[in-house]
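Undergrad: Once you've had a glance at the structure underneath, I'll fire off some questions.
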Amino acid sequence: MNGQTPQHALAHRALGTRVFYAAPLLALVIPLFANPYTQFIVNLTLVYVLVTVGFNLVLGNLGQLAFANTALFGIGAYTAAILMAHAGWPFWAAIPPAGAAGAAAGFLASVTALRGIRNYYLAIVTLAFGELLRWSYIHGEALSGGTDGLTVRHADFFGIALESETARFYVFLLIVTVIVKAVSNLMRSKIGRAIVAIRDNELATASLAIPTGRYIVLAFTLSGFVVGIAGSLFAVLIGQVIPESFGLIELILHFAMVLVGGLGSLFGSVLGALALTALPEFFRPFPGLYEMFFGGLLIVFLLIQPRGLSALCAKRWPALRDRYYRER
Amino acid sequence: MAALLQLAGVNVQFAGLQALSNVDLSARGGEIKALIGPNGAGKTTLFNAISGYVPIAAGSISLNGSAIHGLAPHAIAARGVRRTFQNGGLFPELTGLENVLAGLHARIDASFAGILFGTRASRAAERDAVARARRLLDGLGVSHLADVQVNTMSGGQQRTIEIVRAVAAEPPLLLLDEPAVGLAPPVRAQLVELIRRLAGETGIAVLLIEHAIDLVMAAADVIAVFNGGAKIAEGPPAAIRTDPAVLEAYLGHA
């Protein structure tokens with residue numbers, strides 16, 4: 001009952017590491033089997049992996065009800081689209097600014113949380129922030145193209161033209177793998193522990209000489225960075241950035257991915273995106289059914305499996321439990 | 001030897017209530033001082049004032065001669081004050097090991113960039129901390145709790161983990177708020193031994209709030225008695241046992 005001997009634990013951890021590296025390697029062969037449409041769905045899944053990883057940092061790891069995620073997503077997408085469509089930047093050069101813009105917005109959201117606006121109040125403030133941004137996309141026509149949005153063409157990644165789904169796939173896979181690995185490094189360190197400790201008991205965290213305010217700001221900013229980069233990938237994948245992509249329905253999708261995958265679990269974020277990105281596609285021939293299924297799914301998870309798919313997997317395979325330290 | 005911790009004329013007020021009035025108190029390295037008194041006497045408020053969780057209205061609190069009152073809790077902790085919490089201050093969804101590692105946070109010398117890129121140095125710093133945390137857990141006989149999530153532990157196991165976490169970074173000053181609540185008698189004896197060993201071997205100063213008078217008598221070098229927000233007596237256990245003011249406060253007659 002009291003768990004494993006250290007040797008067992010080490011063996012489990014080695015297995016966990018192998019799973020981490022095996023997944024992207026196995027994914028490399030997907031284009032051999034996929035047609036352009038399924039390849040598009042796979043690419044979209046990669047975008048949503050980043051969306052969910054970023055959202056989960058604040059919602060699950062830090063435990064703050066901040067719903068600015070579509071705002072961060074939109075800021076990243078618009079930043080990349082504006083730089084590419086108006087200023088003619090190549091895609092690769094537009095990615096860091098998209099991340100930085102998302103990070104700046106995340107930083108702003110953290111200030112409200114630091115000033116004591118928490119729980120439902122934080123949820124409302126951040127929701128309003130998202131809607132305000134959507135309003136500004138619609139009315140800032142000179143820059144954002146208004147309701148028609150911006151068209152992104154000729155995405156160039158260090159000389160590789162991302163004209164096909166396959167080309168986009170390999171570039172996206174590289175970016176997503178690097179970012180997920182970096183987030184994993186952060187979570188399995190003093191930084192990840194501090195963030196989760198704040199969620200569990202903020203007062204006690206401060207009593208251990210951990211500057212809680214600084215880590216709250218860090219978690220929000222990091223979340224904004226990751227989701228902002230997801231936005232830039234989204235812009236290139238869809239080729240069109242419009243205000244409608246960043247509304248409430250989209251936010252509910254992000255929220256569902258975090259919830260179904262597992263609050264506070266990096267592995268869960270990946271699972272949630274894998275499980276839910278393709279889902280709307282199956283329901284395309286049956287209008288109306290998707291919303292019903294989706295709503296039902298959320299309720300089922302909230303009631304029966306509130307810790308999501310990752311908790312189910314961790315129960316079956318302890319190696320897959322999220323750890324907040326590393327021993328090697 | 002100069003006192004490590006020095007409180008002079010400390011007042012704490014809550015809306016209309018004088019929670020602490022004019023409290024003088026000191027703590028020395030190697031000394032275990034117990035704070036006793038009825039519920040509402042102001043003992044936990046005193047801990048909260050020292051560790052920065054409630055502001056003081058008057059007086060001063062200094063550590064090693066420099067004032068610490070008015071600093072944020074994490075800044076006071078960074079100067080070497082650690083405390084436990086009466087109602088449990090653990091991180092319930094983390095394991096025993098991860099909790100103790102959080103106590104070592106400031107001692108892990110790794111930069112953000114180093115951690116982000118998984119550099120050799122940052123991994124070594126983390127590995128050292130994990131090894132130290134495992135040794136500490138082992139030293140208190142709870143190595144089997146390293147990989148157990150806190151919210152599945154018994155009350156006594158949680159208390160032990162919280163104490164390991166509090167002492168992990170070798171703080172010069174340790175504040176223990178009712179550490180023996182819910183502990184089985186043999187574990188309580190171990191706790192007394194542990195506290196004495198910490199003070200004796202590592203020379204840290206311990207302030208101990210405890211209702212179990214047998215434990216206080218066994219562990220403390222000095223006892224300070226509080227009632228109604230004021231310190232009414234202080235002295236060695238033998239003297240406190242017969243102090244008229246103490247008997248009055250506890251038994252209602254002298």
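Chain labels follow the order of the structure tokens: the first chain is A, the next B, and so on; residue numbering restarts at 1 in every chain, and ligands are counted from 1 in their shown order.
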Which residues are near stretch 166-175 of chain A? Cut-off 9 Å, only C-alpha atoms, ignore same chain within fewer than 3 positions. Put them as number ranges by chain.

TA: A: 24, 27-28, 31, 36, 39-40, 42-43, 46-47, 157, 160-163, 178-180, 233, 236-237

Undergrad: Write the residues of the preceding selection, restricted to N, CA and C atoms, as a PDB file, in the first residue's frame.

TA:
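Okay, this is what ended up in again39.pdb:
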ATOM      1  N   PRO A  24       6.987  11.035 -29.678  1.00  0.00           N
ATOM      2  CA  PRO A  24       7.273  11.839 -30.872  1.00  0.00           C
ATOM      3  C   PRO A  24       7.986  11.044 -31.962  1.00  0.00           C
ATOM      4  N   ALA A  27       5.470   9.142 -33.796  1.00  0.00           N
ATOM      5  CA  ALA A  27       4.625  10.057 -34.569  1.00  0.00           C
ATOM      6  C   ALA A  27       5.257  10.379 -35.923  1.00  0.00           C
ATOM      7  N   LEU A  28       6.597  10.245 -36.001  1.00  0.00           N
ATOM      8  CA  LEU A  28       7.292  10.601 -37.244  1.00  0.00           C
ATOM      9  C   LEU A  28       6.748   9.854 -38.467  1.00  0.00           C
ATOM     10  N   PRO A  31       2.836  10.582 -41.355  1.00  0.00           N
ATOM     11  CA  PRO A  31       2.576  11.008 -42.744  1.00  0.00           C
ATOM     12  C   PRO A  31       2.570   9.869 -43.751  1.00  0.00           C
ATOM     13  N   PRO A  36      -4.144  13.998 -46.738  1.00  0.00           N
ATOM     14  CA  PRO A  36      -4.013  15.407 -46.325  1.00  0.00           C
ATOM     15  C   PRO A  36      -5.026  15.810 -45.255  1.00  0.00           C
ATOM     16  N   GLN A  39      -4.036  14.254 -41.964  1.00  0.00           N
ATOM     17  CA  GLN A  39      -2.795  14.916 -41.555  1.00  0.00           C
ATOM     18  C   GLN A  39      -3.101  16.305 -40.971  1.00  0.00           C
ATOM     19  N   PHE A  40      -4.084  16.976 -41.561  1.00  0.00           N
ATOM     20  CA  PHE A  40      -4.500  18.273 -41.015  1.00  0.00           C
ATOM     21  C   PHE A  40      -5.004  18.114 -39.577  1.00  0.00           C
ATOM     22  N   VAL A  42      -4.216  15.790 -37.463  1.00  0.00           N
ATOM     23  CA  VAL A  42      -3.058  15.495 -36.602  1.00  0.00           C
ATOM     24  C   VAL A  42      -2.311  16.798 -36.279  1.00  0.00           C
ATOM     25  N   ASN A  43      -2.146  17.645 -37.298  1.00  0.00           N
ATOM     26  CA  ASN A  43      -1.462  18.921 -37.068  1.00  0.00           C
ATOM     27  C   ASN A  43      -2.235  19.794 -36.082  1.00  0.00           C
ATOM     28  N   LEU A  46      -1.618  18.743 -32.640  1.00  0.00           N
ATOM     29  CA  LEU A  46      -0.351  19.253 -32.104  1.00  0.00           C
ATOM     30  C   LEU A  46      -0.531  20.677 -31.573  1.00  0.00           C
ATOM     31  N   VAL A  47      -1.277  21.507 -32.323  1.00  0.00           N
ATOM     32  CA  VAL A  47      -1.548  22.871 -31.856  1.00  0.00           C
ATOM     33  C   VAL A  47      -2.270  22.819 -30.511  1.00  0.00           C
ATOM     34  N   PHE A 157       9.770  28.322 -42.833  1.00  0.00           N
ATOM     35  CA  PHE A 157      10.465  27.944 -41.608  1.00  0.00           C
ATOM     36  C   PHE A 157      11.913  27.648 -41.952  1.00  0.00           C
ATOM     37  N   ILE A 160      12.323  26.217 -45.311  1.00  0.00           N
ATOM     38  CA  ILE A 160      11.376  25.174 -45.689  1.00  0.00           C
ATOM     39  C   ILE A 160      10.013  25.839 -45.895  1.00  0.00           C
ATOM     40  N   ALA A 161       9.440  25.695 -47.078  1.00  0.00           N
ATOM     41  CA  ALA A 161       8.121  26.267 -47.325  1.00  0.00           C
ATOM     42  C   ALA A 161       7.067  25.315 -46.779  1.00  0.00           C
ATOM     43  N   LEU A 162       6.235  25.826 -45.856  1.00  0.00           N
ATOM     44  CA  LEU A 162       5.234  24.945 -45.237  1.00  0.00           C
ATOM     45  C   LEU A 162       3.968  24.926 -46.084  1.00  0.00           C
ATOM     46  N   GLU A 163       4.115  24.398 -47.297  1.00  0.00           N
ATOM     47  CA  GLU A 163       2.980  24.403 -48.218  1.00  0.00           C
ATOM     48  C   GLU A 163       2.102  23.172 -48.042  1.00  0.00           C
ATOM     49  N   VAL A 178       9.846  20.140 -28.370  1.00  0.00           N
ATOM     50  CA  VAL A 178      10.811  20.960 -27.627  1.00  0.00           C
ATOM     51  C   VAL A 178      10.117  21.689 -26.474  1.00  0.00           C
ATOM     52  N   ILE A 179       8.939  22.261 -26.733  1.00  0.00           N
ATOM     53  CA  ILE A 179       8.258  23.032 -25.692  1.00  0.00           C
ATOM     54  C   ILE A 179       7.738  22.124 -24.578  1.00  0.00           C
ATOM     55  N   VAL A 180       7.156  20.980 -24.965  1.00  0.00           N
ATOM     56  CA  VAL A 180       6.648  20.072 -23.922  1.00  0.00           C
ATOM     57  C   VAL A 180       7.802  19.567 -23.058  1.00  0.00           C
ATOM     58  N   LEU A 233       1.139  28.815 -34.509  1.00  0.00           N
ATOM     59  CA  LEU A 233       1.029  27.583 -35.302  1.00  0.00           C
ATOM     60  C   LEU A 233      -0.371  27.486 -35.912  1.00  0.00           C
ATOM     61  N   VAL A 236      -0.827  29.604 -39.028  1.00  0.00           N
ATOM     62  CA  VAL A 236      -0.215  29.026 -40.221  1.00  0.00           C
ATOM     63  C   VAL A 236      -0.987  27.797 -40.709  1.00  0.00           C
ATOM     64  N   LEU A 237      -1.497  27.022 -39.758  1.00  0.00           N
ATOM     65  CA  LEU A 237      -2.224  25.804 -40.122  1.00  0.00           C
ATOM     66  C   LEU A 237      -3.541  26.131 -40.826  1.00  0.00           C
TER      67      LEU A 237
END

Undergrad: Kindly provide, as a PyMOL selection string, the residues of chain B having any atom no farther than 6 Å from an atom of chain A, counting only C-alpha atoms.

TA: chain B and resi 73-74+77-78+89+91+103+105+115-116+127

Undergrad: Please return, as a PyMOL selection string, all residues of stretch 84-135 of chain A that DSSP assigns to alpha helix (DSSP H) on the basis of the backbone.

TA: chain A and resi 84-85+91-114+119-135

Undergrad: Might you pull out every residue within 10 Å of B:Val150, with only C-alpha atoms counted and same-chain residues fewer than 4 positions away left off, and present them as a PyMOL selection string?

TA: chain B and resi 90-99+145-146+154-155+157-158+161

Undergrad: Produce a file of the selected residues containing N, CA and C atoms, as a JSON list (two decimals), in the first residue's frame.

TA:
[["chain", "number", "residue", "atom", "x", "y", "z"],
["B", 90, "LEU", "N", 0.90, 20.96, 5.08],
["B", 90, "LEU", "CA", 1.51, 20.19, 4.00],
["B", 90, "LEU", "C", 0.81, 20.46, 2.68],
["B", 91, "PHE", "N", 1.43, 20.00, 1.60],
["B", 91, "PHE", "CA", 0.83, 20.07, 0.27],
["B", 91, "PHE", "C", 0.20, 18.72, 0.00],
["B", 92, "PRO", "N", -1.13, 18.60, 0.13],
["B", 92, "PRO", "CA", -1.77, 17.29, 0.17],
["B", 92, "PRO", "C", -1.61, 16.46, -1.10],
["B", 93, "GLU", "N", -1.47, 17.10, -2.25],
["B", 93, "GLU", "CA", -1.40, 16.31, -3.49],
["B", 93, "GLU", "C", 0.03, 15.97, -3.88],
["B", 94, "LEU", "N", 0.98, 16.42, -3.08],
["B", 94, "LEU", "CA", 2.37, 16.05, -3.34],
["B", 94, "LEU", "C", 2.74, 14.89, -2.43],
["B", 95, "THR", "N", 3.82, 14.19, -2.78],
["B", 95, "THR", "CA", 4.28, 13.07, -1.96],
["B", 95, "THR", "C", 5.10, 13.59, -0.78],
["B", 96, "GLY", "N", 5.43, 12.68, 0.13],
["B", 96, "GLY", "CA", 6.28, 13.04, 1.25],
["B", 96, "GLY", "C", 7.60, 13.63, 0.78],
["B", 97, "LEU", "N", 8.21, 12.97, -0.21],
["B", 97, "LEU", "CA", 9.49, 13.44, -0.74],
["B", 97, "LEU", "C", 9.35, 14.84, -1.35],
["B", 98, "GLU", "N", 8.30, 15.03, -2.13],
["B", 98, "GLU", "CA", 8.12, 16.33, -2.80],
["B", 98, "GLU", "C", 7.88, 17.44, -1.78],
["B", 99, "ASN", "N", 7.17, 17.11, -0.69],
["B", 99, "ASN", "CA", 6.97, 18.09, 0.37],
["B", 99, "ASN", "C", 8.29, 18.50, 1.00],
["B", 145, "LEU", "N", 7.51, 6.68, 3.40],
["B", 145, "LEU", "CA", 6.48, 7.65, 3.01],
["B", 145, "LEU", "C", 6.93, 8.54, 1.84],
["B", 146, "ALA", "N", 8.15, 8.31, 1.36],
["B", 146, "ALA", "CA", 8.70, 9.20, 0.33],
["B", 146, "ALA", "C", 7.80, 9.29, -0.89],
["B", 154, "SER", "N", -1.72, 9.01, 7.45],
["B", 154, "SER", "CA", -2.40, 9.22, 8.72],
["B", 154, "SER", "C", -1.98, 10.58, 9.29],
["B", 155, "GLY", "N", -2.73, 11.04, 10.29],
["B", 155, "GLY", "CA", -2.43, 12.32, 10.91],
["B", 155, "GLY", "C", -1.01, 12.36, 11.47],
["B", 157, "GLN", "N", 1.57, 10.52, 10.57],
["B", 157, "GLN", "CA", 2.55, 10.52, 9.48],
["B", 157, "GLN", "C", 2.69, 11.92, 8.89],
["B", 158, "GLN", "N", 1.55, 12.61, 8.76],
["B", 158, "GLN", "CA", 1.61, 13.96, 8.21],
["B", 158, "GLN", "C", 2.40, 14.90, 9.11],
["B", 161, "ILE", "N", 6.06, 14.30, 8.59],
["B", 161, "ILE", "CA", 6.55, 14.85, 7.33],
["B", 161, "ILE", "C", 6.68, 16.37, 7.45]]

Undergrad: What's around B:Gly156 at 8 Å? Count only C-alpha atoms, leave out sequence neighbours fewer than 6 positions away in its own chain, and write the answer as a ChimeraX atom specification.

TA: /B:182-184,187

Undergrad: When you look at A:Ser136 with a cut-off of 10 Å (counting only C-alpha atoms), what residues show up, excluding the ones that are within fewer than 5 positions of it in the same chain? I need them as a PyMOL selection string.

TA: chain A and resi 130-131+141+144+146+243

Undergrad: I need the chosen residues saved as a compact mmCIF listing (two decimals), in the first residue's frame, with C-alpha atoms.

TA:
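Below you can see result39.txt, which holds the result:
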# COMPACT_ATOMS: atom_id res chain seq x y z
CA GLY A 130 -10.98 37.74 -23.85
CA GLU A 131 -14.21 39.29 -25.09
CA GLU A 141 -9.62 46.67 -39.02
CA SER A 144 -6.56 42.90 -37.77
CA GLY A 146 -11.89 43.17 -38.92
CA PRO A 243 -12.13 36.90 -34.45

Undergrad: Find the residues near stretch 67-74 of chain A: any atom within 7 Å, counting only C-alpha atoms, skip ones fewer than 4 places away on the same chain, and give them as a PyMOL selection string.

TA: chain A and resi 55+78+102+105+123+126-127+129-130+133+224+227-228+230-231+246-247+250-251

Undergrad: Excluding stretch 205-218 of chain B and residues on its chain fewer than 4 positions from it, collect all residues at most 7 Å away from it, counting only C-alpha atoms, and give them as a PyMOL selection string.

TA: chain B and resi 27-36+43+172-178+192+199+237

Undergrad: Keeping N, CA and C atoms, export the residues of the selection given above as a PDB file, in the first residue's frame.

TA:
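So again-v2.pdb came out as:
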ATOM      1  N   ALA B  27      14.706  33.861  22.288  1.00  0.00           N
ATOM      2  CA  ALA B  27      15.044  32.454  22.065  1.00  0.00           C
ATOM      3  C   ALA B  27      16.524  32.364  21.741  1.00  0.00           C
ATOM      4  N   ARG B  28      17.181  31.377  22.308  1.00  0.00           N
ATOM      5  CA  ARG B  28      18.625  31.180  22.111  1.00  0.00           C
ATOM      6  C   ARG B  28      18.889  29.879  21.378  1.00  0.00           C
ATOM      7  N   GLY B  29      19.988  29.855  20.661  1.00  0.00           N
ATOM      8  CA  GLY B  29      20.382  28.628  19.982  1.00  0.00           C
ATOM      9  C   GLY B  29      20.582  27.503  20.982  1.00  0.00           C
ATOM     10  N   GLY B  30      20.087  26.309  20.648  1.00  0.00           N
ATOM     11  CA  GLY B  30      20.258  25.166  21.530  1.00  0.00           C
ATOM     12  C   GLY B  30      19.216  25.081  22.622  1.00  0.00           C
ATOM     13  N   GLU B  31      18.349  26.073  22.698  1.00  0.00           N
ATOM     14  CA  GLU B  31      17.368  26.112  23.778  1.00  0.00           C
ATOM     15  C   GLU B  31      15.977  25.762  23.250  1.00  0.00           C
ATOM     16  N   ILE B  32      15.257  24.973  24.036  1.00  0.00           N
ATOM     17  CA  ILE B  32      13.871  24.664  23.687  1.00  0.00           C
ATOM     18  C   ILE B  32      12.974  25.412  24.660  1.00  0.00           C
ATOM     19  N   LYS B  33      12.174  26.291  24.107  1.00  0.00           N
ATOM     20  CA  LYS B  33      11.278  27.067  24.966  1.00  0.00           C
ATOM     21  C   LYS B  33       9.836  26.713  24.605  1.00  0.00           C
ATOM     22  N   ALA B  34       9.093  26.265  25.604  1.00  0.00           N
ATOM     23  CA  ALA B  34       7.697  25.917  25.351  1.00  0.00           C
ATOM     24  C   ALA B  34       6.797  27.098  25.690  1.00  0.00           C
ATOM     25  N   LEU B  35       5.787  27.309  24.864  1.00  0.00           N
ATOM     26  CA  LEU B  35       4.772  28.322  25.145  1.00  0.00           C
ATOM     27  C   LEU B  35       3.503  27.575  25.524  1.00  0.00           C
ATOM     28  N   ILE B  36       3.024  27.812  26.747  1.00  0.00           N
ATOM     29  CA  ILE B  36       1.788  27.151  27.148  1.00  0.00           C
ATOM     30  C   ILE B  36       0.775  28.188  27.601  1.00  0.00           C
ATOM     31  N   LYS B  43      -0.877  32.272  21.789  1.00  0.00           N
ATOM     32  CA  LYS B  43       0.361  31.561  21.442  1.00  0.00           C
ATOM     33  C   LYS B  43       0.561  31.472  19.929  1.00  0.00           C
ATOM     34  N   PRO B 172      17.886  28.223  11.753  1.00  0.00           N
ATOM     35  CA  PRO B 172      18.356  28.556  13.104  1.00  0.00           C
ATOM     36  C   PRO B 172      17.206  28.633  14.109  1.00  0.00           C
ATOM     37  N   LEU B 173      16.002  28.968  13.616  1.00  0.00           N
ATOM     38  CA  LEU B 173      14.857  29.095  14.521  1.00  0.00           C
ATOM     39  C   LEU B 173      13.694  28.252  14.003  1.00  0.00           C
ATOM     40  N   LEU B 174      13.180  27.391  14.871  1.00  0.00           N
ATOM     41  CA  LEU B 174      12.091  26.500  14.488  1.00  0.00           C
ATOM     42  C   LEU B 174      10.900  26.751  15.399  1.00  0.00           C
ATOM     43  N   LEU B 175       9.736  27.008  14.795  1.00  0.00           N
ATOM     44  CA  LEU B 175       8.512  27.236  15.555  1.00  0.00           C
ATOM     45  C   LEU B 175       7.583  26.043  15.338  1.00  0.00           C
ATOM     46  N   LEU B 176       7.304  25.290  16.375  1.00  0.00           N
ATOM     47  CA  LEU B 176       6.458  24.103  16.251  1.00  0.00           C
ATOM     48  C   LEU B 176       5.118  24.364  16.934  1.00  0.00           C
ATOM     49  N   ASP B 177       4.037  24.332  16.130  1.00  0.00           N
ATOM     50  CA  ASP B 177       2.712  24.644  16.661  1.00  0.00           C
ATOM     51  C   ASP B 177       1.940  23.346  16.911  1.00  0.00           C
ATOM     52  N   GLU B 178       1.891  22.934  18.155  1.00  0.00           N
ATOM     53  CA  GLU B 178       1.210  21.694  18.565  1.00  0.00           C
ATOM     54  C   GLU B 178       1.594  20.488  17.707  1.00  0.00           C
ATOM     55  N   VAL B 192       9.737  13.964  21.104  1.00  0.00           N
ATOM     56  CA  VAL B 192      10.493  14.654  22.151  1.00  0.00           C
ATOM     57  C   VAL B 192      11.986  14.451  21.922  1.00  0.00           C
ATOM     58  N   ALA B 199      17.906  20.488  18.936  1.00  0.00           N
ATOM     59  CA  ALA B 199      18.423  21.616  19.697  1.00  0.00           C
ATOM     60  C   ALA B 199      19.830  21.315  20.203  1.00  0.00           C
ATOM     61  N   PRO B 237      10.940  24.425  34.034  1.00  0.00           N
ATOM     62  CA  PRO B 237       9.720  23.657  34.298  1.00  0.00           C
ATOM     63  C   PRO B 237       9.401  23.514  35.787  1.00  0.00           C
TER      64      PRO B 237
END

Undergrad: Taking only stretch 34-199 of chain B into account, list the residues labelled strand (DSSP E or B) by DSSP (computed from the backbone), as a PyMOL selection string.

TA: chain B and resi 34-36+58-63+66-67+81-83+95+149+173-177

Undergrad: Can I get the selection written as a PDB file, in the first residue's frame, with N, CA and C atoms?

TA:
ATOM      1  N   ALA B  34       9.093  26.265  25.604  1.00  0.00           N
ATOM      2  CA  ALA B  34       7.697  25.917  25.351  1.00  0.00           C
ATOM      3  C   ALA B  34       6.797  27.098  25.690  1.00  0.00           C
ATOM      4  N   LEU B  35       5.787  27.309  24.864  1.00  0.00           N
ATOM      5  CA  LEU B  35       4.772  28.322  25.145  1.00  0.00           C
ATOM      6  C   LEU B  35       3.503  27.575  25.524  1.00  0.00           C
ATOM      7  N   ILE B  36       3.024  27.812  26.747  1.00  0.00           N
ATOM      8  CA  ILE B  36       1.788  27.151  27.148  1.00  0.00           C
ATOM      9  C   ILE B  36       0.775  28.188  27.601  1.00  0.00           C
ATOM     10  N   ALA B  58       2.638  47.329  17.681  1.00  0.00           N
ATOM     11  CA  ALA B  58       3.698  48.038  18.406  1.00  0.00           C
ATOM     12  C   ALA B  58       4.762  47.038  18.799  1.00  0.00           C
ATOM     13  N   GLY B  59       5.958  47.541  19.110  1.00  0.00           N
ATOM     14  CA  GLY B  59       7.043  46.685  19.542  1.00  0.00           C
ATOM     15  C   GLY B  59       7.979  46.321  18.403  1.00  0.00           C
ATOM     16  N   SER B  60       8.879  45.386  18.675  1.00  0.00           N
ATOM     17  CA  SER B  60       9.822  44.995  17.633  1.00  0.00           C
ATOM     18  C   SER B  60      10.131  43.504  17.739  1.00  0.00           C
ATOM     19  N   ILE B  61      10.440  42.920  16.597  1.00  0.00           N
ATOM     20  CA  ILE B  61      10.866  41.523  16.545  1.00  0.00           C
ATOM     21  C   ILE B  61      12.163  41.502  15.753  1.00  0.00           C
ATOM     22  N   SER B  62      13.223  40.980  16.366  1.00  0.00           N
ATOM     23  CA  SER B  62      14.484  40.957  15.627  1.00  0.00           C
ATOM     24  C   SER B  62      15.105  39.571  15.667  1.00  0.00           C
ATOM     25  N   LEU B  63      15.806  39.274  14.587  1.00  0.00           N
ATOM     26  CA  LEU B  63      16.495  37.998  14.456  1.00  0.00           C
ATOM     27  C   LEU B  63      17.967  38.321  14.238  1.00  0.00           C
ATOM     28  N   SER B  66      18.747  42.061  13.775  1.00  0.00           N
ATOM     29  CA  SER B  66      18.119  42.941  12.791  1.00  0.00           C
ATOM     30  C   SER B  66      16.609  42.702  12.762  1.00  0.00           C
ATOM     31  N   ALA B  67      15.864  43.806  12.603  1.00  0.00           N
ATOM     32  CA  ALA B  67      14.407  43.738  12.699  1.00  0.00           C
ATOM     33  C   ALA B  67      13.839  42.919  11.550  1.00  0.00           C
ATOM     34  N   VAL B  81      13.812  31.295   9.546  1.00  0.00           N
ATOM     35  CA  VAL B  81      12.722  30.920  10.449  1.00  0.00           C
ATOM     36  C   VAL B  81      11.843  29.884   9.734  1.00  0.00           C
ATOM     37  N   ARG B  82      11.602  28.765  10.391  1.00  0.00           N
ATOM     38  CA  ARG B  82      10.674  27.779   9.835  1.00  0.00           C
ATOM     39  C   ARG B  82       9.611  27.491  10.874  1.00  0.00           C
ATOM     40  N   ARG B  83       8.414  27.195  10.408  1.00  0.00           N
ATOM     41  CA  ARG B  83       7.325  26.899  11.325  1.00  0.00           C
ATOM     42  C   ARG B  83       6.475  25.759  10.812  1.00  0.00           C
ATOM     43  N   THR B  95       3.818  14.190  -2.780  1.00  0.00           N
ATOM     44  CA  THR B  95       4.275  13.070  -1.959  1.00  0.00           C
ATOM     45  C   THR B  95       5.103  13.592  -0.779  1.00  0.00           C
ATOM     46  N   GLN B 149       1.473   9.867  -1.429  1.00  0.00           N
ATOM     47  CA  GLN B 149       0.832  11.174  -1.487  1.00  0.00           C
ATOM     48  C   GLN B 149       0.316  11.537  -0.091  1.00  0.00           C
ATOM     49  N   LEU B 173      16.002  28.968  13.616  1.00  0.00           N
ATOM     50  CA  LEU B 173      14.857  29.095  14.521  1.00  0.00           C
ATOM     51  C   LEU B 173      13.694  28.252  14.003  1.00  0.00           C
ATOM     52  N   LEU B 174      13.180  27.391  14.871  1.00  0.00           N
ATOM     53  CA  LEU B 174      12.091  26.500  14.488  1.00  0.00           C
ATOM     54  C   LEU B 174      10.900  26.751  15.399  1.00  0.00           C
ATOM     55  N   LEU B 175       9.736  27.008  14.795  1.00  0.00           N
ATOM     56  CA  LEU B 175       8.512  27.236  15.555  1.00  0.00           C
ATOM     57  C   LEU B 175       7.583  26.043  15.338  1.00  0.00           C
ATOM     58  N   LEU B 176       7.304  25.290  16.375  1.00  0.00           N
ATOM     59  CA  LEU B 176       6.458  24.103  16.251  1.00  0.00           C
ATOM     60  C   LEU B 176       5.118  24.364  16.934  1.00  0.00           C
ATOM     61  N   ASP B 177       4.037  24.332  16.130  1.00  0.00           N
ATOM     62  CA  ASP B 177       2.712  24.644  16.661  1.00  0.00           C
ATOM     63  C   ASP B 177       1.940  23.346  16.911  1.00  0.00           C
TER      64      ASP B 177
END

Undergrad: Find the residue from A:Leu65, A:Val152, A:Ile30, A:Cys313 that sits nearest to A:Thr112; use only C-alpha atoms when measuring.

TA: A:Leu65
